[in-house]
file model26.cif (mmCIF, C-alpha atoms (C1' of nucleotides))
data_work
#
loop_
_atom_site.label_atom_id
_atom_site.label_comp_id
_atom_site.auth_asym_id
_atom_site.auth_seq_id
_atom_site.Cartn_x
_atom_site.Cartn_y
_atom_site.Cartn_z
CA MET A 28 109.77 43.42 75.64
CA ARG A 29 106.91 45.49 74.25
CA ARG A 30 107.57 48.36 76.56
CA GLU A 31 105.60 50.41 74.06
CA GLN A 32 102.24 49.23 75.28
CA PRO A 33 102.29 48.26 78.93
CA GLY A 34 98.74 49.44 79.31
CA THR A 35 96.30 52.22 78.57
CA SER A 36 98.20 54.95 80.40
CA TYR A 37 100.79 55.35 77.69
CA GLU A 38 98.13 55.86 75.05
CA ARG A 39 96.70 58.71 77.07
CA ILE A 40 100.12 60.26 77.34
CA TYR A 41 100.77 60.01 73.61
CA ALA A 42 97.35 61.47 72.89
CA ALA A 43 98.14 64.46 75.10
CA VAL A 44 101.52 64.97 73.42
CA ARG A 45 99.88 64.95 70.00
CA ARG A 46 97.74 67.90 71.11
CA VAL A 47 100.77 70.17 71.43
CA PRO A 48 100.75 72.41 68.34
CA ARG A 49 103.79 73.04 66.18
CA GLY A 50 106.00 75.87 67.45
CA ARG A 51 104.95 75.33 71.07
CA VAL A 52 106.30 73.19 73.91
CA ALA A 53 104.72 71.55 76.95
CA THR A 54 106.24 70.31 80.20
CA TYR A 55 106.14 66.72 81.44
CA GLY A 56 103.90 67.69 84.32
CA GLN A 57 101.54 69.47 81.98
CA ILE A 58 101.22 66.43 79.73
CA ALA A 59 100.65 64.18 82.72
CA ARG A 60 97.86 66.44 83.87
CA VAL A 61 96.20 66.68 80.47
CA ALA A 62 96.47 62.91 80.15
CA GLY A 63 94.55 62.53 83.37
CA LEU A 64 97.58 61.39 85.36
CA PRO A 65 98.40 64.37 87.60
CA GLY A 66 101.67 63.95 89.43
CA HIS A 67 102.94 61.24 87.09
CA ALA A 68 105.39 63.44 85.23
CA ARG A 69 108.01 60.75 85.57
CA GLN A 70 105.83 58.24 83.76
CA VAL A 71 105.46 60.69 80.91
CA GLY A 72 109.20 60.74 80.48
CA TYR A 73 109.28 56.98 80.70
CA ALA A 74 106.56 56.63 78.09
CA LEU A 75 108.30 58.96 75.66
CA HIS A 76 111.59 57.16 76.17
CA ALA A 77 109.90 53.96 75.03
CA LEU A 78 108.85 55.50 71.69
CA ARG A 79 110.24 54.07 68.47
CA PRO A 80 112.44 56.24 66.21
CA SER A 81 109.71 56.14 63.57
CA THR A 82 106.99 57.36 65.92
CA THR A 83 104.57 60.05 64.82
CA VAL A 84 104.34 61.45 68.34
CA PRO A 85 105.92 64.95 68.54
CA TRP A 86 108.07 64.02 71.53
CA GLN A 87 110.46 66.89 70.84
CA ARG A 88 107.87 69.37 72.10
CA ILE A 89 108.10 68.04 75.65
CA VAL A 90 110.63 69.70 77.97
CA ASN A 91 111.08 69.88 81.72
CA ALA A 92 109.64 72.53 84.03
CA ALA A 93 112.75 74.70 83.60
CA GLY A 94 112.17 74.86 79.84
CA ALA A 95 115.29 72.83 79.09
CA VAL A 96 115.77 69.60 77.16
CA SER A 97 115.94 66.74 79.62
CA LEU A 98 117.42 63.85 77.67
CA ARG A 99 119.95 62.04 79.84
CA ARG A 100 122.34 61.73 76.93
CA GLY A 101 123.24 65.39 77.04
CA GLY A 102 125.76 65.75 74.25
CA GLY A 103 124.28 62.74 72.46
CA GLY A 104 122.20 63.00 69.32
CA GLY A 105 118.97 62.94 71.28
CA ALA A 106 119.20 66.30 72.97
CA LEU A 107 120.74 67.92 69.93
CA SER A 108 118.07 66.50 67.63
CA GLN A 109 115.32 67.71 69.90
CA ARG A 110 116.77 71.20 69.93
CA LEU A 111 117.18 71.32 66.16
CA LEU A 112 113.67 69.99 65.59
CA LEU A 113 112.24 72.67 67.87
CA GLU A 114 114.26 75.50 66.39
CA ARG A 115 113.07 74.37 63.01
CA GLU A 116 109.49 74.76 64.26
CA GLY A 117 110.20 78.29 65.42
CA VAL A 118 110.95 77.64 69.08
CA ALA A 119 113.90 79.70 70.35
CA PHE A 120 116.48 78.86 73.02
CA ASP A 121 118.27 81.37 75.22
CA ALA A 122 122.01 81.50 75.92
CA ARG A 123 121.64 78.90 78.68
CA GLY A 124 119.99 76.44 76.31
CA ARG A 125 116.54 76.96 77.77
CA ILE A 126 113.25 77.86 76.14
CA PRO A 127 111.41 80.99 77.38
CA LEU A 128 108.26 79.19 78.53
CA ALA A 129 106.52 82.51 79.03
CA ARG A 130 106.56 82.77 75.25
CA PHE A 131 106.49 79.22 73.88
CA ALA A 132 104.59 77.23 76.49
CA TRP A 133 101.47 75.50 75.20
CA ARG A 134 98.28 76.64 76.90
CA PRO A 135 95.67 73.91 76.66
CA ARG A 136 92.00 74.77 77.19
CA ARG A 137 90.45 73.26 80.22
"C1'" DC B 29 110.03 41.16 98.34
"C1'" DC B 30 113.93 44.66 98.25
"C1'" DA B 31 117.14 48.05 96.05
"C1'" DC B 32 118.27 50.87 92.32
"C1'" DT B 33 117.46 53.64 88.26
"C1'" DG B 34 115.12 56.70 85.06
"C1'" DA B 35 113.06 61.98 79.07
"C1'" DC B 36 110.28 64.84 86.32
"C1'" DG B 37 107.94 68.11 89.75
"C1'" DA B 38 107.16 70.63 93.84
"C1'" DG B 39 108.62 72.10 98.34
"C1'" DT B 40 112.22 73.87 101.47
"C1'" DG B 41 116.37 76.39 103.02
"C1'" DG C 29 119.05 80.45 91.44
"C1'" DC C 30 121.16 76.18 93.49
"C1'" DA C 31 121.31 71.86 96.39
"C1'" DC C 32 118.72 68.56 98.78
"C1'" DT C 33 114.49 65.65 99.83
"C1'" DC C 34 110.39 63.28 98.92
"C1'" DG C 35 106.70 61.53 95.97
"C1'" DC C 36 105.09 58.97 91.60
"C1'" DC C 37 105.32 54.60 88.70
"C1'" DA C 38 107.56 50.87 85.78
"C1'" DG C 39 111.37 47.93 84.66
"C1'" DT C 40 115.35 45.16 85.99
"C1'" DG C 41 118.50 42.23 88.85
#

call {"tool": "encode", "arguments": {"input": "model26.cif", "output": "structure tokens"}}
result
Amino acid sequence: MRREQPGTSYERIYAAVRRVPRGRVATYGQIARVAGLPGHARQVGYALHALRPSTTVPWQRIVNAAGAVSLRRGGGGGALSQRLLLEREGVAFDARGRIPLARFAWRPRR
DNA sequence: CCACTGACGAGTG
DNA sequence: GCACTCGCCAGTG
């Protein structure tokens, strides 16, 4: 199944994700836009989901527009891992489990 | 070809 | 802020 390279779009998405600096987070829509695929936020999530465990792509820095972790497996290792990885980078979560985007959102230059 | 699902977002009430 | 709808695209049955 090679869902890791269905085309060139995924590469663009991964490239955009790699731009997010440590200690900052970006939203799916933001990544889609930077990757040149405005409006394809859903594909960004799909592309990241297809990543291998050993990937070098900093997927943990991508959260939804609300600033919350969006892994479907809520209590599963995924969401927890993402949160721990981010906290380890200096990203803080509020009581509701969300990240204050006003403070940690990545601001790419355009 | 059609229906459904999935790491989403924006608009509306 | 919450619930609902629609739009996007790819993969699967």

call {"tool": "residues_around", "arguments": {"input": "model26.cif", "residues": "stretch 30-38 of chain B", "least_positions_apart": "5", "cutoff": "6 Å", "atoms": "all atoms listed in the file", "output": "count of residues only"}}
result
6

call {"tool": "closest_atom_pairs", "arguments": {"input": "model26.cif", "of": "chain C", "to": "chain A", "cutoff": "8 Å", "atoms": "only C-alpha atoms (C1' of nucleotides)", "output": "JSON lines"}}
result
{"residue": "C:DC36", "atom": "C1'", "partner": "A:His67", "partner_atom": "CA", "distance": 5.5}
{"residue": "C:DC37", "atom": "C1'", "partner": "A:Gln70", "partner_atom": "CA", "distance": 6.2}
{"residue": "C:DA38", "atom": "C1'", "partner": "A:Gln70", "partner_atom": "CA", "distance": 7.8}

call {"tool": "residues_around", "arguments": {"input": "model26.cif", "residues": "A:Thr83", "least_positions_apart": "4", "cutoff": "12 Å", "atoms": "all atoms listed in the file", "output": "list in words"}}
result
Tyr41, Ala42, Val44, Arg45, Leu75, Leu78, Arg79 and Gln87 of chain A

call {"tool": "residues_around", "arguments": {"input": "model26.cif", "residues": "A:Val90", "least_positions_apart": "3", "cutoff": "8 Å", "atoms": "all atoms listed in the file", "output": "count of residues only"}}
result
10

call {"tool": "resolve_selection", "arguments": {"input": "model26.cif", "expression": "the PyMOL selection byres ((chain A and resi 117) around 12)", "output": "NGL selection string"}}
result
:A and (48-52 or 88 or 110-116 or 118-120 or 126 or 130-131)

call {"tool": "atom_distance", "arguments": {"input": "model26.cif", "atom1": "atom CA of A:Asp121", "atom2": "atom CA of A:Ile40"}}
result
27.9 Å

call {"tool": "atom_distance", "arguments": {"input": "model26.cif", "atom1": "atom CA of A:Leu64", "atom2": "atom CA of A:Arg134"}}
result
17.5 Å

call {"tool": "atom_distance", "arguments": {"input": "model26.cif", "atom1": "atom CA of A:Val47", "atom2": "atom CA of A:Trp86"}}
result
9.5 Å

call {"tool": "closest_residue", "arguments": {"input": "model26.cif", "among": "A:Arg136, A:Arg123, A:Arg39, A:Arg99", "to": "chain B", "atoms": "only C-alpha atoms (C1' of nucleotides)"}}
result
A:Arg99

call {"tool": "resolve_selection", "arguments": {"input": "model26.cif", "expression": "the PyMOL selection byres ((chain C and resi 32) around 9)", "output": "CSV table (one decimal) with C-alpha atoms (C1' of nucleotides), keeping the file's coordinate frame"}}
result
chain,number,residue,atom,x,y,z
B,40,DT,C1',112.2,73.9,101.5
C,31,DA,C1',121.3,71.9,96.4
C,33,DT,C1',114.5,65.6,99.8

call {"tool": "closest_residue", "arguments": {"input": "model26.cif", "among": "A:Val84, A:Ile89, A:Arg46, A:Glu38", "to": "chain B", "atoms": "all atoms listed in the file"}}
result
A:Ile89

call {"tool": "build_atoms", "arguments": {"input": "model26.cif", "residues": "stretch 57-91 of chain A", "atoms": "N, CA and C atoms", "output": "compact mmCIF listing (two decimals), keeping the file's coordinate frame"}}
result
# COMPACT_ATOMS: atom_id res chain seq x y z
N GLN A 57 102.71 69.00 82.70
CA GLN A 57 101.54 69.47 81.98
C GLN A 57 100.91 68.32 81.21
N ILE A 58 101.72 67.57 80.51
CA ILE A 58 101.22 66.43 79.73
C ILE A 58 100.56 65.42 80.66
N ALA A 59 101.20 65.16 81.77
CA ALA A 59 100.65 64.18 82.72
C ALA A 59 99.26 64.63 83.15
N ARG A 60 99.14 65.92 83.42
CA ARG A 60 97.86 66.44 83.87
C ARG A 60 96.80 66.35 82.80
N VAL A 61 97.16 66.75 81.58
CA VAL A 61 96.20 66.68 80.47
C VAL A 61 95.81 65.24 80.17
N ALA A 62 96.75 64.33 80.41
CA ALA A 62 96.47 62.91 80.15
C ALA A 62 95.63 62.28 81.26
N GLY A 63 95.35 63.07 82.27
CA GLY A 63 94.55 62.53 83.37
C GLY A 63 95.37 61.77 84.38
N LEU A 64 96.69 62.07 84.42
CA LEU A 64 97.58 61.39 85.36
C LEU A 64 98.38 62.42 86.14
N PRO A 65 97.71 63.33 86.85
CA PRO A 65 98.40 64.37 87.60
C PRO A 65 99.43 63.81 88.57
N GLY A 66 100.62 64.40 88.52
CA GLY A 66 101.67 63.95 89.43
C GLY A 66 102.54 62.85 88.86
N HIS A 67 102.17 62.33 87.68
CA HIS A 67 102.94 61.24 87.09
C HIS A 67 103.89 61.73 86.02
N ALA A 68 104.48 62.87 86.22
CA ALA A 68 105.39 63.44 85.23
C ALA A 68 106.48 62.44 84.87
N ARG A 69 106.94 61.71 85.82
CA ARG A 69 108.01 60.75 85.57
C ARG A 69 107.58 59.68 84.59
N GLN A 70 106.33 59.27 84.68
CA GLN A 70 105.83 58.24 83.76
C GLN A 70 105.77 58.79 82.36
N VAL A 71 105.52 60.09 82.23
CA VAL A 71 105.46 60.69 80.91
C VAL A 71 106.83 60.55 80.27
N GLY A 72 107.85 60.86 81.01
CA GLY A 72 109.20 60.74 80.48
C GLY A 72 109.50 59.30 80.12
N TYR A 73 109.04 58.40 80.93
CA TYR A 73 109.28 56.98 80.70
C TYR A 73 108.57 56.54 79.44
N ALA A 74 107.35 57.00 79.26
CA ALA A 74 106.56 56.63 78.09
C ALA A 74 107.22 57.15 76.82
N LEU A 75 107.67 58.37 76.85
CA LEU A 75 108.30 58.96 75.66
C LEU A 75 109.61 58.25 75.34
N HIS A 76 110.31 57.84 76.36
CA HIS A 76 111.59 57.16 76.17
C HIS A 76 111.38 55.84 75.45
N ALA A 77 110.20 55.27 75.63
CA ALA A 77 109.90 53.96 75.03
C ALA A 77 109.45 54.08 73.58
N LEU A 78 109.29 55.30 73.07
CA LEU A 78 108.85 55.50 71.69
C LEU A 78 109.87 55.00 70.67
N ARG A 79 109.37 54.56 69.53
CA ARG A 79 110.24 54.07 68.47
C ARG A 79 110.74 55.26 67.67
N PRO A 80 111.87 55.14 67.00
CA PRO A 80 112.44 56.24 66.21
C PRO A 80 111.47 56.71 65.13
N SER A 81 110.65 55.80 64.65
CA SER A 81 109.71 56.14 63.57
C SER A 81 108.36 56.64 64.08
N THR A 82 108.28 56.93 65.36
CA THR A 82 106.99 57.36 65.92
C THR A 82 106.48 58.65 65.30
N THR A 83 105.18 58.83 65.36
CA THR A 83 104.57 60.05 64.82
C THR A 83 104.30 61.02 65.96
N VAL A 84 104.57 60.58 67.17
CA VAL A 84 104.34 61.45 68.34
C VAL A 84 105.41 62.55 68.39
N PRO A 85 104.98 63.81 68.48
CA PRO A 85 105.92 64.95 68.54
C PRO A 85 106.61 65.06 69.89
N TRP A 86 107.38 64.07 70.23
CA TRP A 86 108.07 64.02 71.53
C TRP A 86 109.01 65.20 71.75
N GLN A 87 109.50 65.77 70.68
CA GLN A 87 110.46 66.89 70.84
C GLN A 87 109.84 68.11 71.47
N ARG A 88 108.52 68.20 71.51
CA ARG A 88 107.87 69.37 72.10
C ARG A 88 107.72 69.27 73.61
N ILE A 89 108.22 68.20 74.19
CA ILE A 89 108.10 68.04 75.65
C ILE A 89 109.42 68.34 76.34
N VAL A 90 109.42 69.32 77.23
CA VAL A 90 110.63 69.70 77.97
C VAL A 90 110.32 69.73 79.46
N ASN A 91 111.34 69.87 80.28
CA ASN A 91 111.08 69.88 81.72
C ASN A 91 110.58 71.24 82.19
